[in-house]
Structure formats: structure tokens, C-alpha cells
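Containing mmCIF, C-alpha atoms and all ligand atoms: start20.cif.
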data_protein
loop_
_atom_site.label_atom_id
_atom_site.label_comp_id
_atom_site.auth_asym_id
_atom_site.auth_seq_id
_atom_site.Cartn_x
_atom_site.Cartn_y
_atom_site.Cartn_z
CA MET D 1 0.00 0.00 0.00
CA THR D 2 1.27 3.45 -0.87
CA ILE D 3 -0.13 6.89 -0.22
CA ASP D 4 -0.71 8.42 -3.64
CA LEU D 5 -1.89 11.86 -2.74
CA LEU D 6 -2.73 14.31 -0.02
CA ARG D 7 -5.50 16.87 -0.05
CA LEU D 8 -5.36 19.92 2.20
CA HIS D 9 -8.77 21.34 3.07
CA ARG D 10 -8.79 24.72 4.78
CA LEU D 11 -12.01 25.17 6.74
CA ASN D 12 -13.51 28.23 8.39
CA ILE D 13 -16.11 27.21 10.95
CA PRO D 14 -17.98 29.78 13.04
CA LEU D 15 -17.71 29.12 16.79
CA VAL D 16 -20.98 29.06 18.74
CA ARG D 17 -19.50 31.87 20.84
CA PRO D 18 -16.23 33.81 20.59
CA PHE D 19 -13.39 32.15 22.53
CA ARG D 20 -11.33 34.77 24.36
CA THR D 21 -8.08 33.83 26.06
CA SER D 22 -5.16 35.89 27.32
CA PHE D 23 -3.65 35.68 23.80
CA GLY D 24 -6.64 36.84 21.76
CA THR D 25 -10.18 36.13 20.64
CA GLU D 26 -11.19 33.49 18.11
CA HIS D 27 -14.53 33.98 16.33
CA VAL D 28 -14.09 31.49 13.52
CA ARG D 29 -12.02 28.32 13.66
CA ASP D 30 -9.55 28.53 10.76
CA LEU D 31 -7.94 25.10 10.40
CA VAL D 32 -6.72 22.55 7.90
CA LEU D 33 -7.85 18.95 7.50
CA VAL D 34 -5.34 16.71 5.77
CA GLU D 35 -6.79 13.87 3.72
CA ALA D 36 -4.42 11.07 2.69
CA VAL D 37 -5.52 8.73 -0.12
CA SER D 38 -3.88 5.33 -0.64
CA SER D 39 -3.40 3.45 -3.90
CA ASP D 40 -6.23 1.12 -2.89
CA GLY D 41 -8.59 4.01 -2.17
CA ILE D 42 -8.39 4.13 1.64
CA ARG D 43 -8.77 7.68 2.94
CA GLY D 44 -7.32 8.87 6.25
CA TRP D 45 -7.63 12.19 8.06
CA GLY D 46 -5.54 14.44 10.27
CA GLU D 47 -6.35 17.86 11.73
CA CYS D 48 -3.93 20.76 11.80
CA VAL D 49 -4.84 22.62 15.00
CA THR D 50 -3.09 25.91 14.26
CA MET D 51 -4.99 29.14 14.81
CA SER D 52 -4.99 31.85 12.17
CA TRP D 53 -2.47 33.93 14.11
CA PRO D 54 0.59 32.91 16.19
CA GLY D 55 -0.89 33.68 19.63
CA TYR D 56 -0.94 30.28 21.35
CA SER D 57 2.37 29.21 19.83
CA ALA D 58 4.56 30.28 16.92
CA GLU D 59 2.57 28.20 14.43
CA TYR D 60 -0.35 29.63 12.46
CA THR D 61 -2.50 28.31 9.66
CA ASP D 62 -0.91 30.06 6.65
CA GLY D 63 2.53 29.07 7.95
CA ALA D 64 1.47 25.45 8.50
CA ILE D 65 0.16 25.20 4.93
CA ASP D 66 3.42 26.65 3.64
CA VAL D 67 5.69 24.33 5.63
CA MET D 68 3.58 21.31 4.71
CA GLN D 69 3.68 22.05 1.00
CA ARG D 70 7.23 23.36 0.79
CA HIS D 71 9.11 21.15 3.27
CA LEU D 72 7.15 18.34 4.92
CA VAL D 73 5.44 16.78 1.89
CA PRO D 74 8.79 16.48 0.04
CA THR D 75 10.24 14.50 2.98
CA LEU D 76 7.26 12.14 2.79
CA ARG D 77 7.98 11.54 -0.91
CA GLU D 78 11.30 9.95 0.11
CA LEU D 79 9.59 7.29 2.24
CA PRO D 80 9.43 3.70 0.98
CA SER D 81 5.93 2.44 0.20
CA GLY D 82 4.09 1.04 3.21
CA ALA D 83 6.30 2.99 5.65
CA ASP D 84 5.14 2.46 9.24
CA PRO D 85 4.11 5.29 11.60
CA GLN D 86 7.55 5.44 13.25
CA ALA D 87 9.25 5.85 9.85
CA VAL D 88 6.84 8.67 8.99
CA ARG D 89 7.65 10.40 12.26
CA GLU D 90 11.41 10.12 11.66
CA ALA D 91 11.10 11.42 8.10
CA LEU D 92 9.32 14.54 9.37
CA GLU D 93 12.01 15.18 11.99
CA VAL D 94 14.36 16.68 9.39
CA VAL D 95 12.23 19.83 9.66
CA ARG D 96 12.72 21.76 12.91
CA GLY D 97 9.64 22.73 14.88
CA HIS D 98 6.17 22.93 13.28
CA PRO D 99 4.70 20.16 15.45
CA MET D 100 1.11 20.99 14.49
CA ALA D 101 1.82 20.65 10.78
CA LYS D 102 3.69 17.39 11.43
CA ASN D 103 0.84 16.07 13.57
CA ALA D 104 -1.70 16.76 10.82
CA LEU D 105 0.29 14.90 8.17
CA SER D 106 1.40 12.01 10.36
CA THR D 107 -2.10 11.44 11.72
CA ALA D 108 -3.61 11.31 8.22
CA LEU D 109 -1.01 8.70 7.23
CA LEU D 110 -1.47 6.81 10.51
CA ASP D 111 -5.23 6.78 9.92
CA VAL D 112 -4.77 5.17 6.48
CA TRP D 113 -2.25 2.67 7.91
CA LEU D 114 -4.67 1.66 10.69
CA ARG D 115 -7.70 1.49 8.40
CA ALA D 116 -5.76 -0.86 6.11
CA ARG D 117 -5.24 -3.09 9.18
CA GLU D 118 -8.78 -2.57 10.44
CA GLU D 119 -7.44 -1.46 13.80
CA SER D 120 -8.77 1.49 15.77
CA LEU D 121 -6.47 4.28 16.93
CA GLY D 122 -7.54 3.58 20.52
CA SER D 123 -6.48 -0.05 20.26
CA TYR D 124 -3.20 0.90 18.53
CA LEU D 125 -2.31 3.48 21.20
CA GLY D 126 -3.29 1.14 24.05
CA ALA D 127 -6.52 2.72 25.31
CA THR D 128 -7.97 0.85 28.27
CA ARG D 129 -11.10 2.98 28.72
CA GLU D 130 -14.16 3.11 26.47
CA ARG D 131 -15.71 6.32 27.74
CA ILE D 132 -14.00 9.57 28.64
CA ASP D 133 -15.05 11.97 31.40
CA CYS D 134 -15.28 15.44 29.87
CA GLY D 135 -14.38 18.88 31.07
CA VAL D 136 -14.92 22.21 29.37
CA SER D 137 -12.69 25.25 28.88
CA VAL D 138 -14.49 28.55 29.47
CA GLY D 139 -13.20 31.68 27.77
CA ILE D 140 -13.10 35.19 29.22
CA PRO D 141 -16.54 36.74 28.53
CA ALA D 142 -16.40 39.53 25.94
CA THR D 143 -18.17 41.78 28.46
CA GLU D 144 -15.85 40.75 31.34
CA SER D 145 -19.06 40.27 33.30
CA ILE D 146 -19.18 37.82 36.22
CA THR D 147 -22.91 37.34 35.59
CA ALA D 148 -22.22 36.30 31.99
CA LEU D 149 -19.50 33.93 33.20
CA LEU D 150 -21.78 32.29 35.78
CA GLU D 151 -24.47 31.85 33.13
CA GLU D 152 -22.05 30.18 30.75
CA VAL D 153 -20.55 27.92 33.42
CA GLY D 154 -24.07 27.07 34.60
CA SER D 155 -25.05 25.94 31.11
CA TYR D 156 -22.05 23.58 31.01
CA VAL D 157 -22.73 22.23 34.50
CA ASP D 158 -26.35 21.60 33.45
CA ALA D 159 -25.12 19.84 30.29
CA GLY D 160 -23.19 17.43 32.51
CA TYR D 161 -19.57 18.55 32.19
CA ARG D 162 -17.54 17.05 35.01
CA ARG D 163 -14.85 19.73 35.32
CA ILE D 164 -14.64 23.44 34.57
CA LYS D 165 -11.53 25.27 33.36
CA LEU D 166 -11.54 29.06 33.42
CA LYS D 167 -9.27 31.11 31.21
CA ILE D 168 -7.55 33.78 33.29
CA GLU D 169 -5.28 36.78 32.77
CA PRO D 170 -4.12 39.66 34.98
CA GLY D 171 -7.31 41.54 35.88
CA TRP D 172 -9.53 38.47 35.33
CA ASP D 173 -8.53 35.90 37.90
CA LEU D 174 -9.36 36.03 41.63
CA GLU D 175 -12.84 37.49 41.24
CA PRO D 176 -14.18 35.08 38.58
CA VAL D 177 -12.60 32.08 40.32
CA ALA D 178 -14.14 33.11 43.66
CA ALA D 179 -17.56 33.57 42.02
CA VAL D 180 -17.53 30.19 40.27
CA ARG D 181 -16.24 28.42 43.37
CA ALA D 182 -18.98 30.04 45.49
CA ALA D 183 -21.68 28.97 43.04
CA TRP D 184 -20.38 25.38 42.68
CA PRO D 185 -18.48 24.54 45.89
CA ASP D 186 -17.69 20.95 44.85
CA ILE D 187 -17.09 21.02 41.10
CA PRO D 188 -13.55 20.18 39.95
CA LEU D 189 -12.18 23.56 38.86
CA GLN D 190 -8.92 24.75 37.32
CA VAL D 191 -7.51 27.79 35.49
CA ASP D 192 -5.42 28.38 32.36
CA ALA D 193 -3.39 31.59 31.87
CA ASN D 194 -1.73 30.82 28.51
CA GLN D 195 1.52 32.49 29.67
CA ALA D 196 -0.09 35.78 30.72
CA TYR D 197 1.78 36.23 34.04
CA THR D 198 5.35 36.93 35.09
CA ARG D 199 7.46 35.71 38.01
CA SER D 200 6.49 38.85 39.92
CA HIS D 201 2.91 37.53 40.10
CA ALA D 202 3.88 34.59 42.35
CA ASP D 203 2.25 36.04 45.48
CA HIS D 204 -0.79 37.11 43.50
CA LEU D 205 -1.31 33.62 42.03
CA ALA D 206 -0.87 32.10 45.51
CA GLN D 207 -4.12 33.90 46.39
CA LEU D 208 -5.87 31.26 44.26
CA ASP D 209 -4.92 28.60 46.82
CA PRO D 210 -8.09 28.88 48.98
CA PHE D 211 -10.30 27.98 45.99
CA ASN D 212 -9.25 24.35 45.91
CA LEU D 213 -8.24 24.32 42.24
CA ASN D 214 -6.94 21.16 40.54
CA LEU D 215 -4.15 23.14 38.92
CA ILE D 216 -2.92 26.39 37.38
CA GLU D 217 -2.11 25.80 33.70
CA GLN D 218 0.84 27.54 32.01
CA PRO D 219 0.98 30.74 34.06
CA LEU D 220 4.32 31.95 32.61
CA HIS D 221 6.11 32.16 29.29
CA GLU D 222 6.75 28.77 27.72
CA GLU D 223 10.52 29.08 28.08
CA ASP D 224 10.45 30.22 31.70
CA TRP D 225 11.31 26.89 33.30
CA TYR D 226 12.80 28.40 36.44
CA GLY D 227 9.87 30.79 36.83
CA HIS D 228 7.54 27.80 37.02
CA VAL D 229 9.74 26.30 39.73
CA ILE D 230 9.42 29.56 41.71
CA LEU D 231 5.63 29.48 41.28
CA SER D 232 5.46 25.83 42.31
CA GLU D 233 7.15 26.82 45.55
CA ALA D 234 4.97 29.90 46.08
CA CYS D 235 1.60 28.23 45.36
CA ALA D 236 -0.04 25.26 47.04
CA THR D 237 -2.09 24.73 43.87
CA PRO D 238 -0.26 22.37 41.48
CA ILE D 239 1.33 23.96 38.39
CA CYS D 240 0.55 22.21 35.08
CA LEU D 241 2.44 22.94 31.86
CA ASP D 242 0.84 23.10 28.42
CA GLU D 243 2.80 25.30 25.93
CA SER D 244 6.20 24.43 27.50
CA ILE D 245 5.92 20.71 26.79
CA LEU D 246 6.96 20.04 23.19
CA SER D 247 8.67 16.65 23.43
CA VAL D 248 9.39 13.70 25.67
CA ASP D 249 12.62 15.41 26.74
CA SER D 250 10.94 18.69 27.68
CA ALA D 251 8.39 16.71 29.72
CA ASP D 252 11.20 14.84 31.46
CA SER D 253 13.14 18.06 32.12
CA ALA D 254 10.11 19.93 33.47
CA LEU D 255 9.31 17.08 35.87
CA ARG D 256 12.90 16.67 37.07
CA PHE D 257 13.32 20.41 37.63
CA GLY D 258 10.05 20.64 39.56
CA ALA D 259 8.54 23.07 37.04
CA THR D 260 5.35 21.00 36.75
CA THR D 261 3.61 18.15 38.57
CA ILE D 262 0.84 17.50 36.03
CA ILE D 263 1.04 17.59 32.22
CA ASN D 264 -1.51 18.63 29.61
CA ILE D 265 -0.81 16.46 26.55
CA LYS D 266 -1.87 17.84 23.17
CA PRO D 267 -0.87 15.76 20.14
CA GLY D 268 -0.69 18.86 17.93
CA ARG D 269 1.71 20.65 20.26
CA VAL D 270 4.09 17.66 20.47
CA GLY D 271 4.02 16.70 16.77
CA GLY D 272 1.82 13.61 16.81
CA TYR D 273 0.18 10.73 18.62
CA LEU D 274 3.36 8.64 18.91
CA THR D 275 5.11 11.37 20.90
CA ALA D 276 1.91 12.02 22.88
CA ARG D 277 1.87 8.34 23.83
CA GLU D 278 5.53 8.42 24.85
CA ILE D 279 4.97 11.43 27.12
CA HIS D 280 2.03 9.54 28.61
CA ASP D 281 4.22 6.46 29.18
CA LEU D 282 6.95 8.51 30.84
CA CYS D 283 4.41 10.14 33.18
CA LEU D 284 2.67 6.83 33.93
CA ASP D 285 6.03 5.33 34.93
CA ARG D 286 6.64 8.22 37.33
CA GLY D 287 3.11 8.35 38.71
CA VAL D 288 2.59 11.82 37.17
CA PRO D 289 -1.04 12.47 36.16
CA VAL D 290 -1.75 13.64 32.61
CA TRP D 291 -4.82 14.95 30.81
CA CYS D 292 -5.78 15.50 27.20
CA GLY D 293 -5.92 19.14 26.16
CA GLY D 294 -7.73 20.50 23.14
CA MET D 295 -7.40 23.11 20.39
CA LEU D 296 -11.09 23.61 19.53
CA GLU D 297 -10.87 20.56 17.25
CA THR D 298 -13.51 19.43 14.80
CA GLY D 299 -14.78 15.87 15.07
CA VAL D 300 -11.67 14.68 13.20
CA GLY D 301 -9.19 15.84 15.84
CA ARG D 302 -11.64 15.14 18.66
CA ALA D 303 -12.03 11.48 17.64
CA ALA D 304 -8.26 10.98 17.79
CA ASN D 305 -7.94 12.87 21.09
CA LEU D 306 -10.60 10.65 22.66
CA ALA D 307 -8.57 7.58 21.65
CA LEU D 308 -5.51 9.07 23.37
CA ALA D 309 -7.52 10.04 26.46
CA GLY D 310 -8.44 6.36 26.82
CA LEU D 311 -4.88 5.48 27.88
CA PRO D 312 -4.48 4.47 31.53
CA GLY D 313 -2.39 7.47 32.64
CA PHE D 314 -5.09 10.00 31.66
CA THR D 315 -6.44 10.16 35.20
CA VAL D 316 -7.23 13.90 35.18
CA ILE D 317 -10.33 15.14 33.33
CA GLY D 318 -9.39 16.90 30.09
CA ASP D 319 -10.72 19.39 27.53
CA THR D 320 -12.39 16.87 25.18
CA SER D 321 -15.79 18.59 25.06
CA ALA D 322 -18.77 17.74 22.88
CA SER D 323 -19.14 19.15 19.36
CA SER D 324 -21.92 21.51 20.51
CA ARG D 325 -19.47 23.31 22.85
CA TYR D 326 -17.75 24.67 19.74
CA TYR D 327 -19.85 24.29 16.60
CA ALA D 328 -23.48 24.40 15.54
CA VAL D 329 -22.47 22.04 12.72
CA ASP D 330 -19.40 19.84 13.15
CA VAL D 331 -17.60 18.45 10.14
CA THR D 332 -18.22 14.84 11.31
CA GLU D 333 -21.27 13.33 12.98
CA PRO D 334 -21.38 15.34 16.21
CA PHE D 335 -19.88 14.03 19.43
CA VAL D 336 -22.71 14.21 21.97
CA LEU D 337 -22.19 14.27 25.72
CA ASP D 338 -23.84 11.41 27.61
CA ASP D 339 -23.72 11.66 31.40
CA GLY D 340 -20.71 13.97 31.08
CA ARG D 341 -18.79 11.51 28.93
CA LEU D 342 -17.88 10.84 25.29
CA ASP D 343 -17.19 7.42 23.77
CA VAL D 344 -13.80 6.49 22.38
CA PRO D 345 -14.49 5.70 18.70
CA THR D 346 -14.15 2.00 17.92
CA GLY D 347 -14.08 1.96 14.09
CA PRO D 348 -10.84 1.48 12.11
CA GLY D 349 -8.36 4.35 12.32
CA ILE D 350 -9.72 7.50 13.94
CA GLY D 351 -13.19 5.97 13.49
CA VAL D 352 -14.92 8.99 11.93
CA ASP D 353 -15.10 10.66 8.50
CA PRO D 354 -15.99 14.21 7.50
CA LEU D 355 -19.50 14.51 6.08
CA PRO D 356 -18.90 15.39 2.40
CA ASP D 357 -21.60 18.08 2.18
CA VAL D 358 -20.52 19.81 5.38
CA LEU D 359 -16.87 19.61 4.35
CA ALA D 360 -17.71 21.23 1.01
CA ASP D 361 -19.75 23.98 2.70
CA LEU D 362 -17.02 24.89 5.19
CA THR D 363 -14.05 24.72 2.82
CA VAL D 364 -12.52 28.09 1.89
CA TRP D 365 -9.46 26.72 0.07
CA SER D 366 -8.07 23.33 -0.89
CA ALA D 367 -5.06 21.86 -2.66
CA GLU D 368 -4.02 18.47 -3.88
CA VAL D 369 -0.41 17.28 -3.76
CA ARG D 370 0.78 13.99 -5.21
CA LEU D 371 3.23 11.89 -3.25
CA ASP D 372 4.03 9.49 -6.10
CA GLU D 373 5.82 12.09 -8.21
CA GLY D 374 8.50 14.65 -7.39
O1 LIG I 401 -4.46 26.57 26.16
O2 LIG I 401 -5.62 24.83 26.39
C1 LIG I 401 -5.38 25.86 25.76
C2 LIG I 401 -7.96 26.33 22.99
C3 LIG I 401 -7.16 26.81 21.99
C4 LIG I 401 -5.83 27.04 22.23
C5 LIG I 401 -5.29 26.75 23.47
C6 LIG I 401 -6.08 26.23 24.48
C7 LIG I 401 -7.44 26.05 24.24
C8 LIG I 401 -8.38 25.61 25.26
C9 LIG I 401 -9.66 24.96 24.80
O3 LIG I 401 -8.25 25.82 26.44
C10 LIG I 401 -9.53 23.48 24.70
C11 LIG I 401 -10.67 22.87 23.92
O4 LIG I 401 -11.79 22.91 24.41
O5 LIG I 401 -10.43 22.38 22.81
MG MG I 402 -3.72 25.55 27.89
#

Starting from the coordinates I provided, produce the structure as C-alpha cells.
Amino acid sequence: MTIDLLRLHRLNIPLVRPFRTSFGTEHVRDLVLVEAVSSDGIRGWGECVTMSWPGYSAEYTDGAIDVMQRHLVPTLRELPSGADPQAVREALEVVRGHPMAKNALSTALLDVWLRAREESLGSYLGATRERIDCGVSVGIPATESITALLEEVGSYVDAGYRRIKLKIEPGWDLEPVAAVRAAWPDIPLQVDANQAYTRSHADHLAQLDPFNLNLIEQPLHEEDWYGHVILSEACATPICLDESILSVDSADSALRFGATTIINIKPGRVGGYLTAREIHDLCLDRGVPVWCGGMLETGVGRAANLALAGLPGFTVIGDTSASSRYYAVDVTEPFVLDDGRLDVPTGPGIGVDPLPDVLADLTVWSAEVRLDEG
């Protein structure tokens, strides 16, 4: 079996509500789905989780398309036919950085490879759970109104979400956290700053301690390893890294230095599901809890994330929310919350396919690149 061609589909999907974080506001999800087509007609899918601007990390959608077409696809052309997922991963390593672009391509190829073997991604990765407890990530309300926040959180609690994550930034932290904690004294609650603070905020962030939070996610700049050690000492609330963890080695370093005690694993941020699994394995060995983060994925990325979240070390509730949290119309059959949980797909590969009509409606640009010719 060989992969003959790749199609890049750029989609713009309106979000059900704007998603404001410390790094900006997203109104429309601007992402790329990679479709890989094999010589025997099997089609696999991968999602490129970049945003349209480099606010979360240095990657962004135009840049990801460029690096895929200009640099990553040519490395895939050098692969022997039938190359296994590890060989694909190694081929892509000749390009520095760009983990989200690499994840999109390698997942599309992995999906074809698994479908040809009729094996699900969950089974391949080693998932031991069939249903995943779901949390939800709540943006900063456009109005910065506590009432609006409580209404939004209330709608998620009513929908059955089992954990709430609040986005915070300087000026939007203690007050919203206190209000949500007062309204729901027992709900698992955590916060995510997306690097918005500095070391000088250590005492300020320690004021979150009385609210019994699971964790504070990525308070400081992604390269500020020592700053996170200082915060870990200043705060009783555990520090959890997201943006800082780009590889198995950065996870190992962060844990050994005491910069983090919990890790948010996102396959896009680490360059693919094989690396995501290795970070999971390292943490499981050390007894370090991990959880599956999200990047406002469509059903394509969500399906694969649910497979990952089924692994035994994912003992902390993650950001794998239902389709309706993000989109009025998802590109796949929607993922629907049932008792606060979503099922790990069981079909071959990622177990879902884009709906052709919806895909066509949402596509703003597409390109086809052949792998069987230079
Ligand atoms: O930092 O975890 C983050 C969304 C986009 C970019 C970064 C992050 C997020 C989220 C939402 O918090 C996760 C999700 O629901 O997909
Ligand atoms: Mg985060």
C-alpha cells in the first residue's frame, strides 16, 4: 500500500460563541484537515490545529500550509511504500519545529495505515477505557461580566460537564474564580493563563490557593522553566504545563526540575500521537497524572484525542468537550455528551469521516499534492 496523494482542506467554521483567552479572541475556527488517499482508495484524516495567528504558539494556519507544501510533503515523498508510523515520524524530523503541521500529516497517514489493518487508533495506542469523562474550557466573557460567566458555566454544568476550566489573565482571575467556586463549591475547577503572568505575580497567584483548584495551567512564558519552579514553591495549587511541553525530553526536564507536577498532553503541540503516547508512558512510569488538552478541534481531531484520552495514565479530566461546545455544525457526525462523557471511537483508524456536504460547505481553500511524483 502506498499513499498516492494528499488533499489539504482549509475550513472556516464559526464558533458558537467567541473564545477569548489571554492571547486573543477566536470567532471562527480557521484550520486545515489533511486527507491522505492510498493506492487502494483508503482515505485517512488528520487535523492541523493551528490558529490563524501565532498567539498560542509560533505556528499559524498560513505558515502550516506553507511548511507542509514546501518542506514536509517532500520529505514524505522519500519514504518507501508502506512505511510504518515510526518511519513517517522520523522522516518529518528533518524539519525543525512545526509540530502541528507534522501532527496533521502524520495522523492522516497513521489513519490510512490503521484502516488498512482494520485497527482502531484507541487499540493501537493502548486505550484501556471506552468512555472519557469530559471537562470544558471557558473563555473570558467579551463583556468581562461575572454574571455572563456564571451563566455560561451554569449551562455547562447543566449539560453534565464534570470539570470546569476558566481562562484567566491579569485583571480576570481572583474574582471570577471566587464567584464560580462560590456557586459550585464541589465542582472540579482549574484555570489556564496561557503564559499571561510573570514571576512577579507569584504572590498574586498564591491567592488562588483557597479555591481548591486542581491546577494552574501555564501561568508563565513557555521558556520560563525556572519561573515555574518559583511558582510551584509559592503556590499550594499544582502547576501544570501546556505550551512548555513540546517533546518527551521537555516533559522529562520539566518534571525533574520541579517546574510542573501535572502535564496537559496535546498531540498537535508535540508533533503527533506517537510522541503524545511516549509522554504519557513517561508520566505513567513516574506516577505523574496527565490529561488531554484541546485546540477547539472538529470531530476529526476530537475522535483521535478521545482515543488518546483512553490510555491508563489519563487520570485527570481533560478538555475533550462535545461538538456543541464549539460548533453548531461539526464536520463529522457530532460528538454528543452522555452523562458527562464521550465514547472512544471503535471503528478502524480514527473511526470517523468528515461529512462530504458539510466539508464542502465549510471549505474556503483546498489543494491536492501527489506523493508518487517529485
Ligand atoms: O491553552 O488549552 C489551551 C484552545 C485553543 C488554544 C489553546 C487552548 C485552548 C483551550 C480549549 O483551552 C480546549 C478545547 O476545548 O479544545
Ligand atoms: Mg492551555

#### Entry: Surroundings of ligand LIG 401 (chain I) up to 9 Å, based on all atoms listed in the file, as a count of residues only
39

### Task
Compile the contact shell of region 227-232 of chain D as a VMD selection string: residues with an atom at most 9 Å away, counting all atoms listed in the file, same-chain residues fewer than 5 positions apart removed.
chain D and resid 198 to 199 201 to 203 205 to 206 218 to 221 237 to 239 241 254 257 to 261

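Candidate residues D:Ser366, D:Thr75, D:Gln195, D:Asn305 were compared for distance to ligand MG 402 (chain I), and the nearest is D:Gln195, using all atoms listed in the file.
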
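For Ser81 (chain D), the residues within 12 Å (counting all atoms listed in the file, excluding itself and residues fewer than 3 positions away along the chain) are Met1, Thr2, Ile3, Asp4, Ser38, Ser39, Leu76, Arg77, Glu78, Asp84, Pro85, Ala87, Val88, Leu109, Trp113, Leu371 and Asp372 of chain D.
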
Could you write out the selected residues, including C-alpha atoms, as a PDB file, in the frame of the given file?
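Listing of result_25.pdb after writing:
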ATOM      1  CA  MET D   1       0.000   0.000   0.000  1.00  0.00           C
ATOM      2  CA  THR D   2       1.270   3.450  -0.870  1.00  0.00           C
ATOM      3  CA  ILE D   3      -0.130   6.890  -0.220  1.00  0.00           C
ATOM      4  CA  ASP D   4      -0.710   8.420  -3.640  1.00  0.00           C
ATOM      5  CA  SER D  38      -3.880   5.330  -0.640  1.00  0.00           C
ATOM      6  CA  SER D  39      -3.400   3.450  -3.900  1.00  0.00           C
ATOM      7  CA  LEU D  76       7.260  12.140   2.790  1.00  0.00           C
ATOM      8  CA  ARG D  77       7.980  11.540  -0.910  1.00  0.00           C
ATOM      9  CA  GLU D  78      11.300   9.950   0.110  1.00  0.00           C
ATOM     10  CA  ASP D  84       5.140   2.460   9.240  1.00  0.00           C
ATOM     11  CA  PRO D  85       4.110   5.290  11.600  1.00  0.00           C
ATOM     12  CA  ALA D  87       9.250   5.850   9.850  1.00  0.00           C
ATOM     13  CA  VAL D  88       6.840   8.670   8.990  1.00  0.00           C
ATOM     14  CA  LEU D 109      -1.010   8.700   7.230  1.00  0.00           C
ATOM     15  CA  TRP D 113      -2.250   2.670   7.910  1.00  0.00           C
ATOM     16  CA  LEU D 371       3.230  11.890  -3.250  1.00  0.00           C
ATOM     17  CA  ASP D 372       4.030   9.490  -6.100  1.00  0.00           C
TER      18      ASP D 372
END

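For the set D:Asp339, D:Glu222, D:Glu130, D:Asp357, the residue with the smallest atom-to-atom gap to ligand MG 402 (chain I) is D:Glu222, counting all atoms listed in the file.
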
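Those residues that approach Glu368 (chain D) to within 8 Å, counting only C-alpha atoms, are Leu5, Leu6, Arg7, Leu8, Ser366 and Arg370 of chain D; same-chain residues fewer than 2 positions away are not listed.
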
Keeping only C-alpha atoms, write the selected residues as a PDB file, keeping the file's coordinate frame.
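The resulting file, part-v5.pdb, is shown below:
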ATOM      1  CA  LEU D   5      -1.890  11.860  -2.740  1.00  0.00           C
ATOM      2  CA  LEU D   6      -2.730  14.310  -0.020  1.00  0.00           C
ATOM      3  CA  ARG D   7      -5.500  16.870  -0.050  1.00  0.00           C
ATOM      4  CA  LEU D   8      -5.360  19.920   2.200  1.00  0.00           C
ATOM      5  CA  SER D 366      -8.070  23.330  -0.890  1.00  0.00           C
ATOM      6  CA  ARG D 370       0.780  13.990  -5.210  1.00  0.00           C
TER       7      ARG D 370
END

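Neighbours of Glu151 (chain D) closer than or equal to 12 Å, with all atoms listed in the file counted and sequence neighbours fewer than 6 positions away skipped, come out as D:Val138, D:Pro141, D:Ser145, D:Val157, D:Asp158, D:Ala179, D:Val180, D:Ala183.
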
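Atom pair CA of Asn212 (chain D) / CA of Asp173 (chain D): separated by 14.1 Å.
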
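Nearest residue to Thr25 (chain D) among D:Ala108, D:Gly268, D:Ala142, D:Ala196 is D:Ala142, counting all atoms listed in the file.
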
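With all atoms listed in the file taken into account, the protein and nucleic acid residues at most 7 Å from region 245-247 of chain D (excluding it and anything under 5 positions from it in its own chain) are D:Arg269, D:Val270, D:Thr275.
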
### Task
Taking the point (-8.8, 11.2, 14.2) as given in the file, collect each protein or nucleic acid residue that comes within 7 Å of it, counting only C-alpha atoms, and present the set as an MDAnalysis selection string.
chainID D and resid 45:46 300:304 350:352

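Distances from D:Leu213, D:Ala127, D:Leu274, D:Leu11 to Ser106 (chain D) were compared using all atoms listed in the file, and the smallest one belongs to D:Leu274.
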
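If all atoms listed in the file are the atoms counted, then among D:Ala58, D:Ile263, D:Leu72, D:Ala309 the closest residue to ligand MG 402 (chain I) is D:Ile263.
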
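Each of D:Ala178, D:Leu311, D:Leu33, D:Val248 was checked against Gly299 (chain D) using all atoms listed in the file; the smallest atom-to-atom distance is that of D:Leu33.
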
Can you rebuild region 57-61 of chain D with all heavy atoms and give it as a compact mmCIF listing (two decimals), in the frame of the given file?
# COMPACT_ATOMS: atom_id res chain seq x y z
N SER D 57 0.98 29.60 20.06
CA SER D 57 2.37 29.21 19.83
C SER D 57 2.81 29.89 18.54
O SER D 57 2.05 30.65 17.94
CB SER D 57 2.50 27.69 19.71
OG SER D 57 1.95 27.24 18.47
N ALA D 58 4.04 29.61 18.11
CA ALA D 58 4.56 30.28 16.92
C ALA D 58 3.88 29.83 15.64
O ALA D 58 3.94 30.52 14.62
CB ALA D 58 6.07 30.04 16.81
N GLU D 59 3.21 28.68 15.66
CA GLU D 59 2.57 28.20 14.43
C GLU D 59 1.28 28.95 14.15
O GLU D 59 0.61 29.44 15.06
CB GLU D 59 2.28 26.70 14.54
CG GLU D 59 3.54 25.84 14.48
CD GLU D 59 3.21 24.36 14.45
OE1 GLU D 59 3.01 23.77 15.53
OE2 GLU D 59 3.14 23.79 13.34
N TYR D 60 0.93 29.04 12.87
CA TYR D 60 -0.35 29.63 12.46
C TYR D 60 -0.73 29.01 11.12
O TYR D 60 0.11 28.42 10.44
CB TYR D 60 -0.29 31.16 12.41
CG TYR D 60 0.72 31.71 11.45
CD1 TYR D 60 0.31 32.25 10.23
CD2 TYR D 60 2.07 31.68 11.75
CE1 TYR D 60 1.24 32.74 9.33
CE2 TYR D 60 3.01 32.17 10.84
CZ TYR D 60 2.58 32.70 9.64
OH TYR D 60 3.49 33.18 8.74
N THR D 61 -1.97 29.13 10.74
CA THR D 61 -2.50 28.31 9.66
C THR D 61 -1.81 28.55 8.32
O THR D 61 -1.43 27.59 7.64
CB THR D 61 -4.03 28.48 9.58
OG1 THR D 61 -4.56 28.16 10.87
CG2 THR D 61 -4.64 27.56 8.53
